[in-house]
file start_17.cif (mmCIF, C-alpha atoms)
data_query
#
loop_
_atom_site.label_atom_id
_atom_site.label_comp_id
_atom_site.auth_asym_id
_atom_site.auth_seq_id
_atom_site.Cartn_x
_atom_site.Cartn_y
_atom_site.Cartn_z
CA MET A 1 -34.20 7.25 11.26
CA ALA A 2 -31.16 9.52 11.21
CA GLU A 3 -30.82 12.61 9.03
CA PRO A 4 -29.31 11.79 5.61
CA ILE A 5 -25.67 12.87 5.39
CA ASP A 6 -24.52 15.58 2.95
CA CYS A 7 -21.74 15.57 0.32
CA ALA A 8 -19.14 16.96 2.72
CA GLU A 9 -19.82 14.22 5.26
CA ALA A 10 -19.90 11.52 2.59
CA GLY A 11 -16.59 12.81 1.22
CA ALA A 12 -15.04 12.82 4.68
CA ARG A 13 -16.03 9.18 5.17
CA LEU A 14 -15.18 7.99 1.66
CA GLN A 15 -11.68 6.69 2.40
CA ASP A 16 -12.87 4.65 5.40
CA TYR A 17 -15.91 3.51 3.44
CA LEU A 18 -13.86 2.17 0.54
CA LYS A 19 -11.50 0.43 2.96
CA ARG A 20 -14.53 -1.12 4.65
CA GLU A 21 -13.47 0.30 7.99
CA LEU A 22 -16.76 2.01 8.89
CA THR A 23 -19.33 0.57 11.26
CA PRO A 24 -22.33 -0.92 9.39
CA GLU A 25 -24.47 2.10 10.42
CA LEU A 26 -22.00 4.71 9.15
CA ALA A 27 -21.39 2.72 5.97
CA ALA A 28 -25.12 2.49 5.29
CA GLU A 29 -25.41 6.29 5.53
CA VAL A 30 -22.63 6.70 2.97
CA ARG A 31 -24.24 4.11 0.69
CA ASP A 32 -27.59 5.92 0.89
CA HIS A 33 -25.90 9.16 -0.04
CA LEU A 34 -24.03 7.62 -2.99
CA VAL A 35 -27.26 6.21 -4.38
CA ARG A 36 -28.85 9.65 -4.34
CA CYS A 37 -25.88 11.82 -5.37
CA ARG A 38 -24.44 11.37 -8.83
CA GLY A 39 -21.38 13.53 -8.19
CA CYS A 40 -20.32 11.63 -5.09
CA PHE A 41 -21.14 8.32 -6.75
CA GLY A 42 -18.81 9.19 -9.65
CA HIS A 43 -16.10 10.22 -7.24
CA ALA A 44 -16.40 7.03 -5.23
CA GLN A 45 -16.28 4.95 -8.38
CA PHE A 46 -13.20 6.80 -9.59
CA GLU A 47 -11.36 6.16 -6.32
CA GLU A 48 -12.37 2.53 -6.41
CA ASN A 49 -11.17 2.06 -9.99
CA LEU A 50 -7.82 3.53 -9.10
CA LEU A 51 -7.54 1.22 -6.08
CA HIS A 52 -8.33 -1.82 -8.20
CA LEU A 53 -5.72 -0.79 -10.72
CA MET A 54 -3.08 -0.44 -8.01
CA GLU A 55 -3.93 -3.71 -6.36
CA ALA A 56 -3.97 -5.62 -9.63
CA ARG A 57 -0.60 -4.19 -10.60
CA ALA A 58 0.86 -5.09 -7.21
CA ARG A 59 -0.37 -8.68 -7.40
CA ARG A 60 1.50 -9.31 -10.63
CA GLU A 61 4.74 -9.12 -8.64
CA THR A 62 5.72 -12.33 -6.85
CA CYS A 63 8.76 -13.49 -4.92
CA PRO A 64 11.26 -14.93 -7.45
CA SER A 65 11.56 -18.70 -7.07
CA ALA A 66 15.37 -18.53 -6.84
CA LEU A 67 15.02 -16.26 -3.79
CA ARG A 68 12.42 -18.57 -2.29
CA GLU A 69 14.79 -21.54 -2.65
CA ARG A 70 17.74 -19.59 -1.26
CA ILE A 71 15.72 -18.63 1.80
CA ARG A 72 14.58 -22.22 2.36
CA GLY A 73 18.22 -23.32 2.16
CA LEU A 74 19.34 -20.68 4.65
CA LEU A 75 16.60 -21.67 7.07
CA ARG A 76 17.68 -25.33 6.83
CA ALA A 77 21.28 -24.33 7.49
CA GLU A 78 20.17 -22.28 10.51
CA ALA A 79 18.19 -25.24 11.85
CA ASP A 80 21.14 -27.62 11.36
CA ARG A 81 23.49 -25.40 13.36
CA THR A 82 21.64 -26.31 16.54
CA MET B 83 19.50 -18.07 24.02
CA ALA B 84 17.68 -21.17 22.86
CA GLU B 85 17.57 -21.77 19.14
CA PRO B 86 14.33 -22.76 17.41
CA SER B 87 13.68 -26.51 17.48
CA THR B 88 12.82 -28.69 14.49
CA ALA B 89 9.16 -28.41 15.37
CA SER B 90 9.36 -24.64 15.31
CA VAL B 91 11.15 -24.76 11.92
CA ARG B 92 8.10 -26.50 10.59
CA SER B 93 5.72 -23.96 12.09
CA PHE B 94 7.90 -21.14 10.78
CA ASP B 95 7.64 -22.66 7.29
CA ASP B 96 3.88 -22.89 7.61
CA GLU B 97 3.27 -19.45 9.07
CA ALA B 98 5.98 -17.27 7.54
CA LEU B 99 6.75 -18.63 4.07
CA PRO B 100 3.24 -18.00 2.66
CA HIS B 101 3.94 -14.27 3.09
CA LEU B 102 7.05 -14.20 0.89
CA ASP B 103 5.18 -12.67 -2.05
CA ALA B 104 3.82 -9.84 0.09
CA LEU B 105 7.21 -9.27 1.73
CA TYR B 106 8.92 -9.16 -1.64
CA ARG B 107 6.39 -6.71 -3.07
CA VAL B 108 6.70 -4.37 -0.11
CA ALA B 109 10.51 -4.68 -0.21
CA LEU B 110 10.47 -3.80 -3.89
CA ARG B 111 8.48 -0.63 -3.28
CA LEU B 112 10.60 0.39 -0.28
CA THR B 113 14.01 -0.16 -1.86
CA GLY B 114 13.08 0.64 -5.45
CA GLU B 115 15.14 -2.16 -6.98
CA ALA B 116 15.05 -5.93 -7.25
CA ALA B 117 18.54 -6.82 -5.97
CA GLN B 118 18.11 -4.84 -2.75
CA ALA B 119 14.57 -6.11 -2.34
CA GLU B 120 15.88 -9.68 -2.46
CA ASP B 121 18.58 -8.93 0.14
CA LEU B 122 16.02 -7.23 2.35
CA VAL B 123 13.59 -10.15 2.20
CA GLN B 124 16.38 -12.61 2.93
CA ASP B 125 17.65 -10.59 5.93
CA THR B 126 14.09 -10.25 7.17
CA MET B 127 13.40 -13.98 7.02
CA LEU B 128 16.62 -14.86 8.84
CA LYS B 129 15.91 -12.32 11.58
CA ALA B 130 12.34 -13.52 11.85
CA TYR B 131 13.50 -17.11 12.13
CA ARG B 132 15.99 -16.27 14.87
CA SER B 133 13.35 -14.46 16.89
CA TRP B 134 10.56 -16.90 16.06
CA ARG B 135 10.08 -17.62 19.77
CA GLN B 136 8.79 -14.08 20.26
CA TYR B 137 6.00 -14.67 17.78
CA ARG B 138 2.74 -15.90 19.26
CA PRO B 139 1.29 -18.62 16.98
CA GLY B 140 -1.99 -17.76 15.34
CA THR B 141 -1.53 -13.97 15.66
CA ASN B 142 -0.85 -11.78 12.66
CA ALA B 143 2.27 -13.30 11.10
CA LYS B 144 2.20 -11.01 8.08
CA GLY B 145 2.15 -7.90 10.26
CA TRP B 146 4.91 -9.29 12.46
CA LEU B 147 7.11 -10.05 9.43
CA LEU B 148 6.43 -6.66 7.89
CA THR B 149 7.48 -4.94 11.12
CA ILE B 150 10.81 -6.77 10.94
CA LEU B 151 11.16 -5.97 7.25
CA ARG B 152 10.49 -2.31 7.84
CA ASN B 153 12.87 -2.02 10.80
CA THR B 154 15.59 -3.78 8.82
CA PHE B 155 14.97 -1.43 5.91
CA ILE B 156 15.18 1.69 8.08
CA ASN B 157 18.29 0.52 9.93
CA SER B 158 20.39 -0.68 7.03
CA TYR B 159 18.84 0.09 3.66
CA ARG B 160 17.12 3.44 3.72
CA ARG B 161 20.27 5.51 3.55
CA ARG B 162 21.43 3.56 0.51
CA LYS B 163 18.49 4.72 -1.51
CA LEU B 164 18.43 8.11 -3.14
CA GLU B 165 15.03 9.45 -2.16
CA PRO B 166 13.04 11.49 -4.66
CA VAL B 167 12.68 15.19 -3.90
CA ALA B 168 9.83 15.63 -1.43
CA MET B 169 6.69 17.05 -2.95
CA ASP B 170 5.01 20.13 -1.58
CA LEU B 171 1.83 18.87 0.00
CA GLU B 172 0.34 22.36 0.16
CA LEU B 173 0.30 22.56 -3.61
CA ILE B 174 -1.89 19.52 -3.97
CA GLU B 175 -5.47 20.32 -4.77
CA PRO B 176 -8.08 17.99 -3.37
CA HIS B 177 -9.53 15.53 -5.89
CA ALA B 178 -7.81 17.37 -8.75
CA LEU B 179 -7.59 14.23 -10.82
CA TYR B 180 -11.16 13.11 -10.32
CA ARG B 181 -12.64 16.51 -11.15
CA ALA B 182 -10.51 16.83 -14.27
CA VAL B 183 -11.29 13.35 -15.47
CA GLU B 184 -14.98 13.77 -14.72
CA SER B 185 -15.30 16.77 -17.00
CA ALA B 186 -12.84 15.74 -19.71
CA ASP B 187 -13.58 12.06 -19.99
CA PRO B 188 -17.25 11.30 -19.51
CA GLU B 189 -16.93 7.89 -21.17
CA GLY B 190 -14.43 6.84 -18.56
CA SER B 191 -11.71 5.78 -20.97
CA PHE B 192 -9.11 7.27 -18.65
CA PHE B 193 -8.47 4.02 -16.82
CA GLY B 194 -8.25 2.10 -20.06
CA ARG B 195 -5.49 4.41 -21.24
CA LEU B 196 -3.65 4.80 -17.97
CA VAL B 197 -0.69 2.45 -18.15
CA ASP B 198 -0.29 0.69 -14.83
CA GLU B 199 3.48 1.17 -14.98
CA LYS B 200 2.76 4.87 -14.57
CA VAL B 201 0.81 4.18 -11.41
CA LEU B 202 3.75 2.20 -10.08
CA GLU B 203 6.16 5.02 -10.96
CA ALA B 204 3.91 7.45 -9.14
CA VAL B 205 3.87 5.19 -6.07
CA ASP B 206 7.67 4.94 -6.12
CA ALA B 207 7.97 8.72 -6.28
CA LEU B 208 5.99 9.26 -3.06
CA PRO B 209 7.88 10.36 0.06
CA PRO B 210 8.80 7.19 2.07
CA ASP B 211 6.38 7.69 4.99
CA PHE B 212 3.45 8.07 2.63
CA ARG B 213 4.59 5.39 0.24
CA GLU B 214 4.81 2.68 2.87
CA VAL B 215 1.29 3.35 4.15
CA LEU B 216 -0.14 3.39 0.64
CA VAL B 217 1.65 0.17 -0.30
CA LEU B 218 0.49 -1.68 2.81
CA SER B 219 -3.07 -0.42 2.49
CA ASP B 220 -3.82 -0.21 -1.20
CA MET B 221 -1.47 -2.80 -2.64
CA GLU B 222 -1.42 -5.36 0.17
CA GLY B 223 -4.95 -4.80 1.42
CA MET B 224 -3.97 -4.39 5.08
CA ARG B 225 -6.38 -2.80 7.55
CA TYR B 226 -5.66 0.41 9.45
CA ALA B 227 -5.03 -1.46 12.70
CA GLU B 228 -2.60 -3.90 11.06
CA ILE B 229 -0.66 -1.08 9.42
CA ALA B 230 -0.57 0.89 12.67
CA GLU B 231 0.88 -2.16 14.40
CA ALA B 232 3.45 -2.82 11.71
CA LEU B 233 4.61 0.81 11.60
CA GLN B 234 4.18 1.44 15.34
CA VAL B 235 2.17 4.61 14.82
CA PRO B 236 -1.40 5.50 15.89
CA VAL B 237 -4.30 4.55 13.61
CA GLY B 238 -5.05 8.26 13.09
CA THR B 239 -1.57 8.72 11.63
CA VAL B 240 -2.13 5.82 9.25
CA LYS B 241 -5.41 7.34 8.06
CA SER B 242 -4.01 10.82 7.48
CA ARG B 243 -0.90 9.53 5.74
CA LEU B 244 -3.03 7.36 3.48
CA PHE B 245 -5.26 10.33 2.66
CA ARG B 246 -2.31 12.51 1.72
CA ALA B 247 -0.55 9.68 -0.12
CA ARG B 248 -3.56 9.15 -2.35
CA ARG B 249 -3.79 12.86 -3.08
CA LEU B 250 -0.12 13.04 -3.96
CA LEU B 251 -0.49 10.01 -6.18
CA GLN B 252 -3.47 11.50 -7.96
CA ALA B 253 -1.70 14.81 -8.43
CA GLN B 254 1.12 12.99 -10.20
CA LEU B 255 -1.28 11.01 -12.38
CA TYR B 256 -3.07 14.24 -13.18
CA SER B 257 0.14 15.85 -14.47
CA TYR B 258 0.88 12.71 -16.45
CA ALA B 259 -2.62 12.60 -17.98
CA VAL B 260 -2.38 16.26 -19.00
CA GLU B 261 1.08 15.72 -20.46
CA MET B 262 -0.17 12.79 -22.53
CA GLY B 263 -3.18 14.75 -23.68
CA TYR B 264 -5.69 12.39 -22.03
CA ILE B 265 -7.22 15.33 -20.21
CA LYS B 266 -6.97 19.08 -20.52
CA SER B 267 -5.36 21.02 -17.72
CA ARG B 268 -7.52 23.25 -15.55
CA GLU B 269 -5.88 26.39 -16.90
CA ASP B 270 -6.81 25.37 -20.45
CA THR B 271 -10.38 24.55 -19.52
CA ASP B 272 -10.97 27.65 -17.44
CA GLY B 273 -9.84 29.99 -20.14
#
call {"tool": "encode", "arguments": {"input": "start_17.cif", "output": "structure tokens"}}
result
Amino acid sequence: MAEPIDCAEAGARLQDYLKRELTPELAAEVRDHLVRCRGCFGHAQFEENLLHLMEARARRETCPSALRERIRGLLRAEADRT
Amino acid sequence: MAEPSTASVRSFDDEALPHLDALYRVALRLTGEAAQAEDLVQDTMLKAYRSWRQYRPGTNAKGWLLTILRNTFINSYRRRKLEPVAMDLELIEPHALYRAVESADPEGSFFGRLVDEKVLEAVDALPPDFREVLVLSDMEGMRYAEIAEALQVPVGTVKSRLFRARRLLQAQLYSYAVEMGYIKSREDTDG
């Protein structure tokens, strides 16, 4: 069993942890720390809330249907040229 | 040069068109306005179609399209946009927003009050190199390796730009929250 990681190490790994880019072992160490440390837990939750907010806002934007149709038309025209 | 055949038109439709929403969103954040974003997406799709033979089926179509979009943006759109004044990264305190919110807003109402338009404004105000990484990662959910491929930079660069982008974003939201009276500024709290 490895030594538990401290706040500095957990903080350094937080970005990769939230992006799910850590190996399962490294992620488990961060998770163990977050369970034990209220400060780091709050910080992680804050970052996650902000990420959710950004993602949700981004998803509301979609390609306008007029543009979609125009592109389809242009692609047809390109195909017909050959 | 051989043009794409009818069969490849169909596969282009299947593989590329599903990414139009993502391409449009990224174009919107890069150009900052709808009309240019539409032109950029259209140019991107035509270029992608013409070089469709270079795409290997089943690989990452979204990343491939975003690379074309980004190159097109840099070559013919970037100079049209008036970039916001670059922010001084040295002035940004780590986790300033989190610490302030933690002490001033224990009930966590901050996110309920934070208008998401403000978040978008803050994203748009980021310097371009940081903005594009943040948009691809945090708005489009792309992985480090995919972003690195699309931007043609090392993964380490993606990580550090994302880290700084998030700090810059939080610093802006912090100023906004103080201005709106959602949280007290550090100076006020400390005395």
call {"tool": "resolve_selection", "arguments": {"input": "start_17.cif", "expression": "the PyMOL selection byres ((chain A and resi 9) around 12)", "output": "list in words"}}
result
Glu3, Pro4, Ile5, Asp6, Cys7, Ala8, Ala10, Gly11, Ala12, Arg13, Leu14, Gln15, Asp16, Tyr17, Leu26, Ala27, Glu29, Val30, Arg31, His33, Leu34 and Cys40 of chain A
call {"tool": "resolve_selection", "arguments": {"input": "start_17.cif", "expression": "the PyMOL selection byres ((chain B) within 7 of (chain A))", "output": "list in words"}}
result
Glu85, Thr88, Leu102, Asp103, Tyr106, Arg107, Glu120, Gln124, Tyr180, Asp198, Val201, Asp220 and Met221 of chain B
call {"tool": "atom_distance", "arguments": {"input": "start_17.cif", "atom1": "CA of Gly194 in chain B", "atom2": "CA of Leu255 in chain B"}}
result
13.7 Å
call {"tool": "closest_residue", "arguments": {"input": "start_17.cif", "among": "B:Leu147, B:Val205, B:Met262, B:Met224", "to": "Tyr131 in chain B", "atoms": "all atoms listed in the file"}}
result
B:Leu147
call {"tool": "closest_residue", "arguments": {"input": "start_17.cif", "among": "B:Phe212, B:Tyr226, B:Phe245, B:Phe192", "to": "Tyr258 in chain B", "atoms": "only C-alpha atoms"}}
result
B:Phe192
call {"tool": "closest_residue", "arguments": {"input": "start_17.cif", "among": "B:Tyr137, B:Trp146, B:Tyr256, B:Phe193", "to": "Leu233 in chain B", "atoms": "only C-alpha atoms"}}
result
B:Trp146
call {"tool": "atom_distance", "arguments": {"input": "start_17.cif", "atom1": "CA of Thr113 in chain B", "atom2": "CA of Pro209 in chain B"}}
result
12.3 Å
call {"tool": "residues_around", "arguments": {"input": "start_17.cif", "residues": "Val237 in chain B", "least_positions_apart": "6", "cutoff": "8 Å", "atoms": "all atoms listed in the file", "output": "VMD selection string"}}
result
chain B and resid 226 to 227 229 to 230
call {"tool": "atom_distance", "arguments": {"input": "start_17.cif", "atom1": "CA of Glu115 in chain B", "atom2": "CA of Ala247 in chain B"}}
result
20.8 Å
call {"tool": "build_atoms", "arguments": {"input": "start_17.cif", "residues": "range 54-65 of chain A", "atoms": "all heavy atoms", "output": "compact mmCIF listing (two decimals), in the coordinates of the input"}}
result
# COMPACT_ATOMS: atom_id res chain seq x y z
N MET A 54 -4.29 -0.32 -8.82
CA MET A 54 -3.08 -0.44 -8.01
C MET A 54 -2.91 -1.85 -7.46
O MET A 54 -1.82 -2.41 -7.47
CB MET A 54 -3.15 0.54 -6.83
CG MET A 54 -2.54 1.86 -7.12
SD MET A 54 -2.19 2.73 -5.58
CE MET A 54 -3.81 3.30 -5.15
N GLU A 55 -4.01 -2.38 -6.96
CA GLU A 55 -3.93 -3.71 -6.36
C GLU A 55 -3.58 -4.77 -7.40
O GLU A 55 -2.74 -5.64 -7.18
CB GLU A 55 -5.24 -4.05 -5.65
CG GLU A 55 -5.03 -5.14 -4.63
CD GLU A 55 -6.27 -5.47 -3.84
OE1 GLU A 55 -7.28 -4.74 -3.99
OE2 GLU A 55 -6.24 -6.47 -3.11
N ALA A 56 -4.22 -4.64 -8.57
CA ALA A 56 -3.97 -5.62 -9.63
C ALA A 56 -2.52 -5.56 -10.09
O ALA A 56 -1.88 -6.59 -10.30
CB ALA A 56 -4.91 -5.36 -10.81
N ARG A 57 -1.99 -4.34 -10.17
CA ARG A 57 -0.60 -4.19 -10.60
C ARG A 57 0.34 -4.81 -9.56
O ARG A 57 1.31 -5.50 -9.89
CB ARG A 57 -0.25 -2.71 -10.81
CG ARG A 57 1.19 -2.46 -11.25
CD ARG A 57 1.47 -3.15 -12.57
NE ARG A 57 2.89 -3.11 -12.93
CZ ARG A 57 3.80 -3.98 -12.48
NH1 ARG A 57 3.44 -4.93 -11.64
NH2 ARG A 57 5.04 -3.90 -12.86
N ALA A 58 0.03 -4.56 -8.29
CA ALA A 58 0.86 -5.09 -7.21
C ALA A 58 0.88 -6.61 -7.23
O ALA A 58 1.92 -7.24 -7.06
CB ALA A 58 0.36 -4.58 -5.86
N ARG A 59 -0.27 -7.21 -7.46
CA ARG A 59 -0.37 -8.68 -7.40
C ARG A 59 0.40 -9.39 -8.50
O ARG A 59 0.65 -10.59 -8.40
CB ARG A 59 -1.84 -9.12 -7.48
CG ARG A 59 -2.69 -8.63 -6.36
CD ARG A 59 -2.42 -9.39 -5.09
NE ARG A 59 -2.61 -8.49 -3.96
CZ ARG A 59 -2.77 -8.85 -2.70
NH1 ARG A 59 -2.76 -10.11 -2.39
NH2 ARG A 59 -2.92 -7.97 -1.75
N ARG A 60 0.74 -8.66 -9.55
CA ARG A 60 1.50 -9.31 -10.63
C ARG A 60 2.93 -9.62 -10.19
O ARG A 60 3.62 -10.44 -10.79
CB ARG A 60 1.54 -8.39 -11.86
CG ARG A 60 0.21 -8.25 -12.56
CD ARG A 60 0.35 -8.29 -14.09
NE ARG A 60 1.37 -7.40 -14.61
CZ ARG A 60 1.13 -6.15 -14.98
NH1 ARG A 60 -0.07 -5.63 -14.89
NH2 ARG A 60 2.10 -5.40 -15.47
N GLU A 61 3.38 -8.93 -9.13
CA GLU A 61 4.74 -9.12 -8.64
C GLU A 61 4.75 -10.26 -7.62
O GLU A 61 3.98 -10.25 -6.68
CB GLU A 61 5.18 -7.84 -7.93
CG GLU A 61 6.58 -7.43 -8.20
CD GLU A 61 6.68 -6.46 -9.35
OE1 GLU A 61 6.08 -5.38 -9.28
OE2 GLU A 61 7.37 -6.79 -10.32
N THR A 62 5.63 -11.25 -7.84
CA THR A 62 5.72 -12.33 -6.85
C THR A 62 7.19 -12.56 -6.49
O THR A 62 8.08 -12.19 -7.25
CB THR A 62 5.11 -13.64 -7.38
OG1 THR A 62 5.73 -13.95 -8.62
CG2 THR A 62 3.61 -13.54 -7.57
N CYS A 63 7.40 -13.18 -5.37
CA CYS A 63 8.76 -13.49 -4.92
C CYS A 63 9.43 -14.43 -5.92
O CYS A 63 8.90 -15.50 -6.22
CB CYS A 63 8.68 -14.14 -3.54
SG CYS A 63 10.29 -14.59 -2.87
N PRO A 64 10.59 -14.05 -6.47
CA PRO A 64 11.26 -14.93 -7.45
C PRO A 64 11.55 -16.30 -6.84
O PRO A 64 11.90 -16.39 -5.66
CB PRO A 64 12.57 -14.19 -7.74
CG PRO A 64 12.35 -12.79 -7.30
CD PRO A 64 11.36 -12.84 -6.18
N SER A 65 11.41 -17.36 -7.64
CA SER A 65 11.56 -18.70 -7.07
C SER A 65 12.98 -18.97 -6.61
O SER A 65 13.20 -19.70 -5.64
CB SER A 65 11.09 -19.76 -8.06
OG SER A 65 11.67 -19.54 -9.31
